[in-house]
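input_22.json (JSON, C-alpha atoms) appears below.
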```json
[["chain", "number", "residue", "atom", "x", "y", "z"],
["A", 1, "MET", "CA", 188.66, 172.86, 81.01],
["A", 2, "GLU", "CA", 189.84, 173.96, 84.45],
["A", 3, "THR", "CA", 189.02, 171.50, 87.22],
["A", 4, "ASN", "CA", 187.94, 173.11, 90.47],
["A", 5, "THR", "CA", 188.23, 171.71, 93.98],
["A", 6, "ALA", "CA", 184.60, 170.56, 94.13],
["A", 7, "GLN", "CA", 184.97, 168.59, 90.90],
["A", 8, "VAL", "CA", 188.15, 166.92, 92.17],
["A", 9, "ALA", "CA", 186.40, 165.94, 95.44],
["A", 10, "ALA", "CA", 183.45, 164.48, 93.52],
["A", 11, "MET", "CA", 185.74, 162.42, 91.28],
["A", 12, "VAL", "CA", 187.71, 161.09, 94.26],
["A", 13, "LYS", "CA", 184.46, 160.16, 96.04],
["A", 14, "ARG", "CA", 183.18, 158.21, 93.03],
["A", 15, "TYR", "CA", 186.55, 156.46, 92.72],
["A", 16, "VAL", "CA", 186.55, 155.43, 96.40],
["A", 17, "GLU", "CA", 182.96, 154.17, 96.20],
["A", 18, "GLN", "CA", 183.77, 152.10, 93.13],
["A", 19, "LEU", "CA", 186.80, 150.51, 94.85],
["A", 20, "ALA", "CA", 184.71, 149.76, 97.94],
["A", 21, "ARG", "CA", 182.14, 147.91, 95.82],
["A", 22, "LEU", "CA", 185.01, 145.81, 94.46],
["A", 23, "GLY", "CA", 186.09, 144.92, 98.01],
["A", 24, "VAL", "CA", 189.19, 147.12, 98.09],
["A", 25, "ARG", "CA", 189.79, 148.52, 101.56],
["A", 26, "GLU", "CA", 193.21, 150.15, 101.14],
["A", 27, "PHE", "CA", 194.51, 152.06, 98.15],
["A", 28, "TYR", "CA", 197.03, 154.73, 97.20],
["A", 29, "ILE", "CA", 196.27, 157.99, 95.41],
["A", 30, "PRO", "CA", 199.36, 159.89, 94.16],
["A", 31, "ARG", "CA", 199.64, 163.45, 95.44],
["A", 32, "GLU", "CA", 199.82, 164.73, 91.85],
["A", 33, "ALA", "CA", 196.33, 163.39, 91.20],
["A", 34, "LEU", "CA", 194.92, 165.72, 93.83],
["A", 35, "VAL", "CA", 196.60, 168.86, 92.49],
["A", 36, "VAL", "CA", 194.12, 171.21, 90.86],
["A", 37, "LYS", "CA", 195.53, 172.37, 87.53],
["A", 38, "LYS", "CA", 195.17, 176.04, 86.77],
["A", 39, "ASN", "CA", 194.79, 177.25, 83.22],
["A", 40, "SER", "CA", 197.67, 179.34, 81.90],
["A", 41, "LYS", "CA", 197.34, 183.09, 81.44],
["A", 42, "ALA", "CA", 197.20, 182.57, 77.68],
["A", 43, "GLU", "CA", 194.34, 180.08, 78.05],
["A", 44, "ARG", "CA", 192.43, 182.35, 80.39],
["A", 45, "LEU", "CA", 192.85, 185.33, 78.04],
["A", 46, "LYS", "CA", 191.70, 183.21, 75.10],
["A", 47, "ALA", "CA", 188.61, 182.11, 77.04],
["A", 48, "LEU", "CA", 187.82, 185.75, 77.84],
["A", 49, "GLU", "CA", 188.35, 186.75, 74.21],
["A", 50, "ASP", "CA", 186.01, 183.98, 73.04],
["A", 51, "LYS", "CA", 183.40, 185.22, 75.50],
["A", 52, "LEU", "CA", 183.71, 188.75, 74.11],
["A", 53, "ARG", "CA", 183.75, 187.80, 70.43],
["A", 54, "ASN", "CA", 179.99, 188.18, 69.92],
["A", 55, "CYS", "CA", 179.44, 190.91, 72.51],
["A", 56, "GLU", "CA", 176.35, 193.06, 72.06],
["A", 57, "ARG", "CA", 176.54, 195.06, 75.27],
["A", 58, "CYS", "CA", 176.49, 198.41, 73.47],
["A", 59, "PRO", "CA", 175.54, 199.76, 70.00],
["A", 60, "LEU", "CA", 179.17, 199.70, 68.82],
["A", 61, "CYS", "CA", 178.62, 196.04, 67.91],
["A", 62, "GLU", "CA", 176.43, 197.16, 65.02],
["A", 63, "GLY", "CA", 179.21, 198.92, 63.13],
["A", 64, "ARG", "CA", 182.31, 196.92, 63.96],
["A", 65, "THR", "CA", 184.09, 194.50, 61.68],
["A", 66, "GLN", "CA", 185.44, 192.54, 64.63],
["A", 67, "VAL", "CA", 186.20, 192.78, 68.34],
["A", 68, "ILE", "CA", 189.76, 193.98, 69.04],
["A", 69, "PHE", "CA", 190.58, 192.17, 72.27],
["A", 70, "GLY", "CA", 194.31, 192.65, 72.82],
["A", 71, "ASP", "CA", 197.69, 191.50, 71.58],
["A", 72, "GLY", "CA", 201.05, 190.53, 72.98],
["A", 73, "ASN", "CA", 202.68, 188.49, 75.70],
["A", 74, "PRO", "CA", 200.26, 187.08, 78.32],
["A", 75, "GLU", "CA", 203.20, 186.91, 80.74],
["A", 76, "ALA", "CA", 204.22, 190.53, 80.09],
["A", 77, "ASP", "CA", 205.67, 192.70, 82.85],
["A", 78, "LEU", "CA", 204.41, 195.79, 81.00],
["A", 79, "VAL", "CA", 200.90, 196.49, 79.67],
["A", 80, "PHE", "CA", 199.94, 199.48, 77.51],
["A", 81, "VAL", "CA", 196.28, 200.50, 77.70],
["A", 82, "GLY", "CA", 194.84, 202.80, 75.05],
["A", 83, "GLU", "CA", 191.46, 204.26, 74.29],
["A", 84, "ALA", "CA", 189.73, 202.41, 71.46],
["A", 85, "PRO", "CA", 190.49, 200.71, 68.15],
["A", 86, "GLY", "CA", 190.50, 202.77, 64.96],
["A", 87, "ARG", "CA", 189.88, 201.91, 61.32],
["A", 88, "ASP", "CA", 193.13, 200.00, 60.77],
["A", 89, "GLU", "CA", 192.63, 198.02, 63.97],
["A", 90, "ASP", "CA", 189.06, 197.16, 63.01],
["A", 91, "ILE", "CA", 190.32, 195.77, 59.70],
["A", 92, "GLN", "CA", 193.41, 193.92, 60.96],
["A", 93, "GLY", "CA", 192.01, 192.67, 64.26],
["A", 94, "LYS", "CA", 194.86, 193.92, 66.45],
["A", 95, "PRO", "CA", 195.25, 197.02, 68.63],
["A", 96, "PHE", "CA", 197.59, 199.86, 67.64],
["A", 97, "VAL", "CA", 198.46, 198.93, 64.07],
["A", 98, "GLY", "CA", 197.73, 202.27, 62.36],
["A", 99, "ARG", "CA", 199.92, 205.40, 62.44],
["A", 100, "ALA", "CA", 199.53, 205.74, 66.20],
["A", 101, "GLY", "CA", 200.39, 202.06, 66.55],
["A", 102, "GLN", "CA", 203.52, 202.47, 64.48],
["A", 103, "LEU", "CA", 204.61, 205.28, 66.80],
["A", 104, "LEU", "CA", 203.82, 203.14, 69.84],
["A", 105, "THR", "CA", 206.03, 200.40, 68.40],
["A", 106, "LYS", "CA", 208.88, 202.94, 68.10],
["A", 107, "MET", "CA", 208.28, 203.97, 71.71],
["A", 108, "ILE", "CA", 208.44, 200.35, 72.83],
["A", 109, "ASN", "CA", 211.62, 199.77, 70.82],
["A", 110, "ALA", "CA", 213.16, 202.89, 72.36],
["A", 111, "MET", "CA", 212.60, 201.22, 75.74],
["A", 112, "GLN", "CA", 214.78, 198.34, 74.47],
["A", 113, "LEU", "CA", 211.73, 196.11, 74.19],
["A", 114, "LYS", "CA", 209.74, 194.55, 71.37],
["A", 115, "ARG", "CA", 205.98, 194.47, 70.88],
["A", 116, "GLU", "CA", 206.00, 190.75, 71.58],
["A", 117, "ASP", "CA", 207.54, 191.48, 74.99],
["A", 118, "VAL", "CA", 204.58, 193.59, 76.15],
["A", 119, "TYR", "CA", 200.78, 193.37, 76.09],
["A", 120, "ILE", "CA", 198.65, 196.00, 74.36],
["A", 121, "CYS", "CA", 194.91, 196.57, 74.69],
["A", 122, "ASN", "CA", 192.24, 199.27, 74.82],
["A", 123, "VAL", "CA", 189.53, 200.35, 77.22],
["A", 124, "ILE", "CA", 186.83, 199.54, 74.67],
["A", 125, "LYS", "CA", 187.13, 196.71, 72.19],
["A", 126, "CYS", "CA", 185.08, 197.95, 69.21],
["A", 127, "ARG", "CA", 185.74, 200.89, 66.92],
["A", 128, "PRO", "CA", 183.58, 203.98, 67.54],
["A", 129, "PRO", "CA", 182.12, 205.47, 64.31],
["A", 130, "GLU", "CA", 184.56, 207.79, 62.56],
["A", 131, "ASN", "CA", 187.00, 207.19, 65.43],
["A", 132, "ARG", "CA", 185.07, 209.53, 67.72],
["A", 133, "ASP", "CA", 185.67, 209.57, 71.47],
["A", 134, "PRO", "CA", 184.09, 206.67, 73.41],
["A", 135, "LEU", "CA", 180.83, 207.50, 75.13],
["A", 136, "PRO", "CA", 180.47, 206.93, 78.89],
["A", 137, "GLN", "CA", 177.93, 204.13, 78.39],
["A", 138, "GLU", "CA", 180.27, 202.39, 75.93],
["A", 139, "ILE", "CA", 183.11, 202.51, 78.43],
["A", 140, "ALA", "CA", 180.83, 201.26, 81.20],
["A", 141, "ALA", "CA", 179.69, 198.35, 79.03],
["A", 142, "CYS", "CA", 183.22, 197.25, 78.11],
["A", 143, "GLU", "CA", 185.66, 198.14, 80.87],
["A", 144, "SER", "CA", 184.96, 195.00, 82.90],
["A", 145, "PHE", "CA", 186.78, 193.05, 80.18],
["A", 146, "LEU", "CA", 189.80, 195.33, 80.53],
["A", 147, "ILE", "CA", 189.77, 194.80, 84.29],
["A", 148, "GLN", "CA", 189.70, 191.03, 83.74],
["A", 149, "GLN", "CA", 192.58, 191.24, 81.26],
["A", 150, "LEU", "CA", 194.76, 193.10, 83.76],
["A", 151, "ASP", "CA", 193.73, 190.74, 86.55],
["A", 152, "ILE", "CA", 194.84, 187.75, 84.48],
["A", 153, "ILE", "CA", 198.16, 189.24, 83.30],
["A", 154, "GLN", "CA", 199.13, 190.89, 86.60],
["A", 155, "PRO", "CA", 201.84, 193.06, 85.03],
["A", 156, "LYS", "CA", 204.53, 194.82, 87.03],
["A", 157, "VAL", "CA", 203.71, 198.16, 85.38],
["A", 158, "ILE", "CA", 200.80, 199.65, 83.40],
["A", 159, "VAL", "CA", 201.19, 202.57, 81.00],
["A", 160, "ALA", "CA", 197.85, 204.32, 80.45],
["A", 161, "LEU", "CA", 197.84, 206.11, 77.09],
["A", 162, "GLY", "CA", 195.67, 209.20, 77.05],
["A", 163, "ARG", "CA", 192.75, 210.67, 78.93],
["A", 164, "PHE", "CA", 190.19, 207.89, 78.53],
["A", 165, "ALA", "CA", 192.52, 205.10, 79.60],
["A", 166, "VAL", "CA", 193.73, 207.05, 82.63],
["A", 167, "GLN", "CA", 190.27, 208.14, 83.73],
["A", 168, "SER", "CA", 188.81, 204.65, 83.29],
["A", 169, "LEU", "CA", 191.53, 202.91, 85.28],
["A", 170, "LEU", "CA", 191.96, 205.51, 88.01],
["A", 171, "ARG", "CA", 188.43, 206.89, 88.25],
["A", 172, "ASP", "CA", 190.05, 210.33, 88.14],
["A", 173, "SER", "CA", 188.67, 213.13, 85.98],
["A", 174, "THR", "CA", 191.84, 215.23, 86.25],
["A", 175, "GLY", "CA", 193.22, 216.25, 82.85],
["A", 176, "ILE", "CA", 195.94, 214.10, 81.31],
["A", 177, "THR", "CA", 198.34, 217.07, 81.14],
["A", 178, "ARG", "CA", 198.32, 217.26, 84.93],
["A", 179, "LEU", "CA", 198.32, 213.51, 85.50],
["A", 180, "ARG", "CA", 201.05, 212.45, 83.07],
["A", 181, "GLY", "CA", 204.47, 211.69, 84.48],
["A", 182, "ASN", "CA", 203.19, 211.00, 87.99],
["A", 183, "TRP", "CA", 203.09, 207.44, 89.27],
["A", 184, "ARG", "CA", 199.68, 206.23, 90.38],
["A", 185, "ASP", "CA", 198.45, 202.94, 91.80],
["A", 186, "TYR", "CA", 196.07, 200.51, 90.14],
["A", 187, "HIS", "CA", 195.17, 197.77, 92.63],
["A", 188, "GLY", "CA", 198.78, 197.51, 93.74],
["A", 189, "ILE", "CA", 200.25, 197.84, 90.24],
["A", 190, "PRO", "CA", 202.27, 201.01, 89.47],
["A", 191, "LEU", "CA", 200.55, 202.96, 86.69],
["A", 192, "MET", "CA", 202.18, 205.67, 84.59],
["A", 193, "PRO", "CA", 199.78, 208.07, 82.82],
["A", 194, "THR", "CA", 201.12, 209.59, 79.61],
["A", 195, "PHE", "CA", 199.95, 211.04, 76.30],
["A", 196, "HIS", "CA", 198.36, 208.85, 73.63],
["A", 197, "PRO", "CA", 200.49, 208.29, 70.49],
["A", 198, "SER", "CA", 197.74, 209.88, 68.37],
["A", 199, "TYR", "CA", 198.22, 213.07, 70.39],
["A", 200, "LEU", "CA", 201.94, 212.96, 69.63],
["A", 201, "LEU", "CA", 201.21, 212.73, 65.91],
["A", 202, "ARG", "CA", 199.34, 216.03, 66.19],
["A", 203, "ASN", "CA", 201.71, 217.56, 68.74],
["A", 204, "PRO", "CA", 205.31, 216.37, 68.18],
["A", 205, "ALA", "CA", 206.51, 218.54, 71.07],
["A", 206, "GLY", "CA", 204.86, 216.04, 73.39],
["A", 207, "LYS", "CA", 207.37, 213.34, 72.48],
["A", 208, "ARG", "CA", 209.98, 214.60, 74.92],
["A", 209, "PRO", "CA", 207.78, 214.46, 78.06],
["A", 210, "VAL", "CA", 206.45, 211.06, 76.97],
["A", 211, "TRP", "CA", 210.00, 209.78, 76.59],
["A", 212, "GLN", "CA", 210.70, 211.03, 80.12],
["A", 213, "ASP", "CA", 207.64, 209.09, 81.33],
["A", 214, "LEU", "CA", 208.83, 205.94, 79.57],
["A", 215, "GLN", "CA", 212.27, 206.31, 81.10],
["A", 216, "GLU", "CA", 210.64, 206.21, 84.53],
["A", 217, "VAL", "CA", 208.86, 203.03, 83.47],
["A", 218, "MET", "CA", 212.19, 201.55, 82.36],
["A", 219, "LYS", "CA", 213.70, 202.32, 85.74],
["A", 220, "LYS", "CA", 210.74, 200.71, 87.49],
["A", 221, "LEU", "CA", 211.26, 197.56, 85.39],
["A", 222, "GLY", "CA", 215.02, 197.56, 85.89],
["A", 223, "ILE", "CA", 215.81, 198.36, 82.25],
["A", 224, "PRO", "CA", 218.97, 200.49, 81.77],
["A", 225, "VAL", "CA", 218.14, 203.99, 80.50],
["A", 226, "PRO", "CA", 220.40, 205.16, 77.63],
["A", 227, "GLY", "CA", 222.08, 208.56, 77.97],
["A", 228, "GLU", "CA", 222.62, 210.73, 81.00],
["A", 229, "ASN", "CA", 220.30, 213.66, 80.24],
["A", 230, "GLY", "CA", 217.03, 211.85, 79.58],
["A", 231, "LYS", "CA", 217.76, 211.81, 75.85],
["A", 232, "SER", "CA", 218.11, 208.92, 73.43],
["A", 233, "SER", "CA", 218.94, 208.61, 69.76],
["A", 234, "LYS", "CA", 215.77, 206.50, 69.49],
["A", 235, "GLU", "CA", 213.56, 209.25, 70.92],
["A", 236, "SER", "CA", 212.26, 210.36, 67.56]]
```
Can I see the file as structure tokens?
Amino acid sequence: METNTAQVAAMVKRYVEQLARLGVREFYIPREALVVKKNSKAERLKALEDKLRNCERCPLCEGRTQVIFGDGNPEADLVFVGEAPGRDEDIQGKPFVGRAGQLLTKMINAMQLKREDVYICNVIKCRPPENRDPLPQEIAACESFLIQQLDIIQPKVIVALGRFAVQSLLRDSTGITRLRGNWRDYHGIPLMPTFHPSYLLRNPAGKRPVWQDLQEVMKKLGIPVPGENGKSSKES
């Protein structure tokens, strides 16, 4: 449990009073004893996940198998934010593990990273029926958890995958086709809007512009970009 400043002060007061009753007038308290210990990012994320585990804020709780909180490195410089879990995610308990997730993994690898290097989550944490689009009230009920996740991780860059992620984070109703590829700001964190991997499965021509977007992310993170013409053997 995290100890706050008030708790530390109360403990010190009780300690001093006890020593005084014993007749002690001078004593030494090491500086380390007065340092308030902060929980790690991993611990804070776990506490938030535990809080969300039995969430009933919207009707999606009635049809889910489990809450899909997020997955990856709590200390990540890069966070990918998607829309919502699908059938495979609802079964396995992790975001982006179906066909779209497999493509996202390839995209991450093309950036010379691994899934365990980044953090992956969604705007909403429960699967909508038949993988339909999230409803506004479902997003409103759940997005505070996403905001808390990002506040804990404090990544250097966010990649918002698809319309719902972009609109939720930026409060911008502009279409994803117009937004993608243009850097935006999320509370001081650079945010790159791009297409969702599920869109790329339906529209393979979108892979090239997405790769261009990811190259810009690589540059922002100081990762060398392979090739001179915005093209990589890993692009496919």
Practice problem: Using atom CA of Lys94 of chain A and atom CA of Phe69 of chain A as the two end points, give the distance in Å to one decimal. | Solution: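 Taking atom CA of Lys94 of chain A as the start and atom CA of Phe69 of chain A as the end point, the length is 7.4 Å.
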Quiz item: Using all atoms listed in the file, which of A:Leu179, A:Ile223, A:Leu161, A:Ile152 sits nearest Asn73 of chain A?
Solution: A:Ile152
Practice problem: Choose the residue, out of A:Asn131, A:Asn182, A:Gln148, A:Asn109, that has the smallest atom-to-atom separation from Gly63 of chain A; count all atoms listed in the file. | Solution: A:Asn131
Exercise. Work out how far apart atom CA of Thr194 of chain A and atom CA of Leu45 of chain A are and give it in Å to one decimal.
Key: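 These two atoms are separated by 25.7 Å.
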Practice problem: Within 12 Å of Ala47 of chain A, counting only C-alpha atoms, which residues show up once you throw out same-chain ones fewer than 2 positions away? Write them as a list of chain:residue names, please. | Solution: A:Met1, A:Glu2, A:Asn39, A:Ser40, A:Lys41, A:Ala42, A:Glu43, A:Arg44, A:Leu45, A:Glu49, A:Asp50, A:Lys51, A:Leu52, A:Arg53, A:Phe69, A:Phe145, A:Gln148, A:Gln149, A:Ile152
Quiz item: A:Asp213, A:Glu143, A:Leu150, A:Arg202: which is nearest Arg171 of chain A, counting all atoms listed in the file?
Solution: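 That would be A:Glu143, the residue with the smallest distance to Arg171 of chain A.
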Quiz item: What gap, in Å, lies between atom CA of Pro155 of chain A and atom CA of Arg57 of chain A?
Solution: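 These atoms are spaced 27.2 Å apart.
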Practice problem: May I ask which of the residues A:Gly101, A:Gly72, A:Pro59, A:Pro197 is the closest one to Lys114 of chain A, counting only C-alpha atoms? | Solution: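 For Lys114 of chain A, the nearest of the candidates is A:Gly72.
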Exercise. Name the residues in contact with segment 116-130 of chain A at a cut-off of 7 Å, using only C-alpha atoms, excluding same-chain residues fewer than 6 positions from it; report them as a list of chain:residue names.
Key: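 Contacts, with the query itself left out: A:Leu60, A:Cys61, A:Arg64, A:Val67, A:Ile68, A:Phe69, A:Gly70, A:Asp71, A:Gly72, A:Asn73, A:Pro74, A:Ala76, A:Asp77, A:Leu78, A:Val79, A:Phe80, A:Val81, A:Gly82, A:Glu83, A:Ala84, A:Pro85, A:Gly86, A:Asp90, A:Pro95, A:Ile139, A:Cys142, A:Glu143, A:Leu146, A:Ala165.
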Quiz item: Between A:Lys156, A:Lys106, A:Arg184, A:Arg87, which one has atoms that come closest to Arg132 of chain A, using only C-alpha atoms?
Solution: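 Smallest distance to Arg132 of chain A is found for A:Arg87.
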Block slice segment 113-124 of chain A, N, CA and C atoms, emitted as a PDB file, in the first residue's frame:
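Below is the file that was written, part-v4.pdb:
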```pdb
ATOM      1  N   LEU A 113      10.950  -2.976 -32.986  1.00  0.00           N
ATOM      2  CA  LEU A 113      10.533  -3.141 -31.600  1.00  0.00           C
ATOM      3  C   LEU A 113       9.839  -4.488 -31.440  1.00  0.00           C
ATOM      4  N   LYS A 114       9.592  -4.871 -30.198  1.00  0.00           N
ATOM      5  CA  LYS A 114       8.825  -6.060 -29.887  1.00  0.00           C
ATOM      6  C   LYS A 114       7.586  -5.651 -29.090  1.00  0.00           C
ATOM      7  N   ARG A 115       6.594  -6.529 -29.076  1.00  0.00           N
ATOM      8  CA  ARG A 115       5.373  -6.211 -28.324  1.00  0.00           C
ATOM      9  C   ARG A 115       5.677  -5.931 -26.862  1.00  0.00           C
ATOM     10  N   GLU A 116       6.651  -6.640 -26.305  1.00  0.00           N
ATOM     11  CA  GLU A 116       6.975  -6.428 -24.898  1.00  0.00           C
ATOM     12  C   GLU A 116       7.689  -5.102 -24.648  1.00  0.00           C
ATOM     13  N   ASP A 117       8.074  -4.403 -25.722  1.00  0.00           N
ATOM     14  CA  ASP A 117       8.700  -3.090 -25.575  1.00  0.00           C
ATOM     15  C   ASP A 117       7.661  -1.974 -25.451  1.00  0.00           C
ATOM     16  N   VAL A 118       6.444  -2.229 -25.940  1.00  0.00           N
ATOM     17  CA  VAL A 118       5.410  -1.197 -26.002  1.00  0.00           C
ATOM     18  C   VAL A 118       4.258  -1.567 -25.071  1.00  0.00           C
ATOM     19  N   TYR A 119       3.279  -0.673 -24.976  1.00  0.00           N
ATOM     20  CA  TYR A 119       2.059  -0.962 -24.218  1.00  0.00           C
ATOM     21  C   TYR A 119       0.885  -0.832 -25.170  1.00  0.00           C
ATOM     22  N   ILE A 120      -0.074  -1.771 -25.062  1.00  0.00           N
ATOM     23  CA  ILE A 120      -1.211  -1.820 -25.978  1.00  0.00           C
ATOM     24  C   ILE A 120      -2.505  -1.861 -25.165  1.00  0.00           C
ATOM     25  N   CYS A 121      -3.460  -1.019 -25.540  1.00  0.00           N
ATOM     26  CA  CYS A 121      -4.750  -1.018 -24.849  1.00  0.00           C
ATOM     27  C   CYS A 121      -5.826  -0.510 -25.795  1.00  0.00           C
ATOM     28  N   ASN A 122      -7.049  -0.485 -25.323  1.00  0.00           N
ATOM     29  CA  ASN A 122      -8.188  -0.008 -26.106  1.00  0.00           C
ATOM     30  C   ASN A 122      -8.957   1.069 -25.353  1.00  0.00           C
ATOM     31  N   VAL A 123      -9.773   1.791 -26.112  1.00  0.00           N
ATOM     32  CA  VAL A 123     -10.623   2.815 -25.503  1.00  0.00           C
ATOM     33  C   VAL A 123     -11.610   2.170 -24.550  1.00  0.00           C
ATOM     34  N   ILE A 124     -12.295   1.116 -25.003  1.00  0.00           N
ATOM     35  CA  ILE A 124     -13.203   0.403 -24.108  1.00  0.00           C
ATOM     36  C   ILE A 124     -12.618  -0.983 -23.823  1.00  0.00           C
TER      37      ILE A 124
END
```
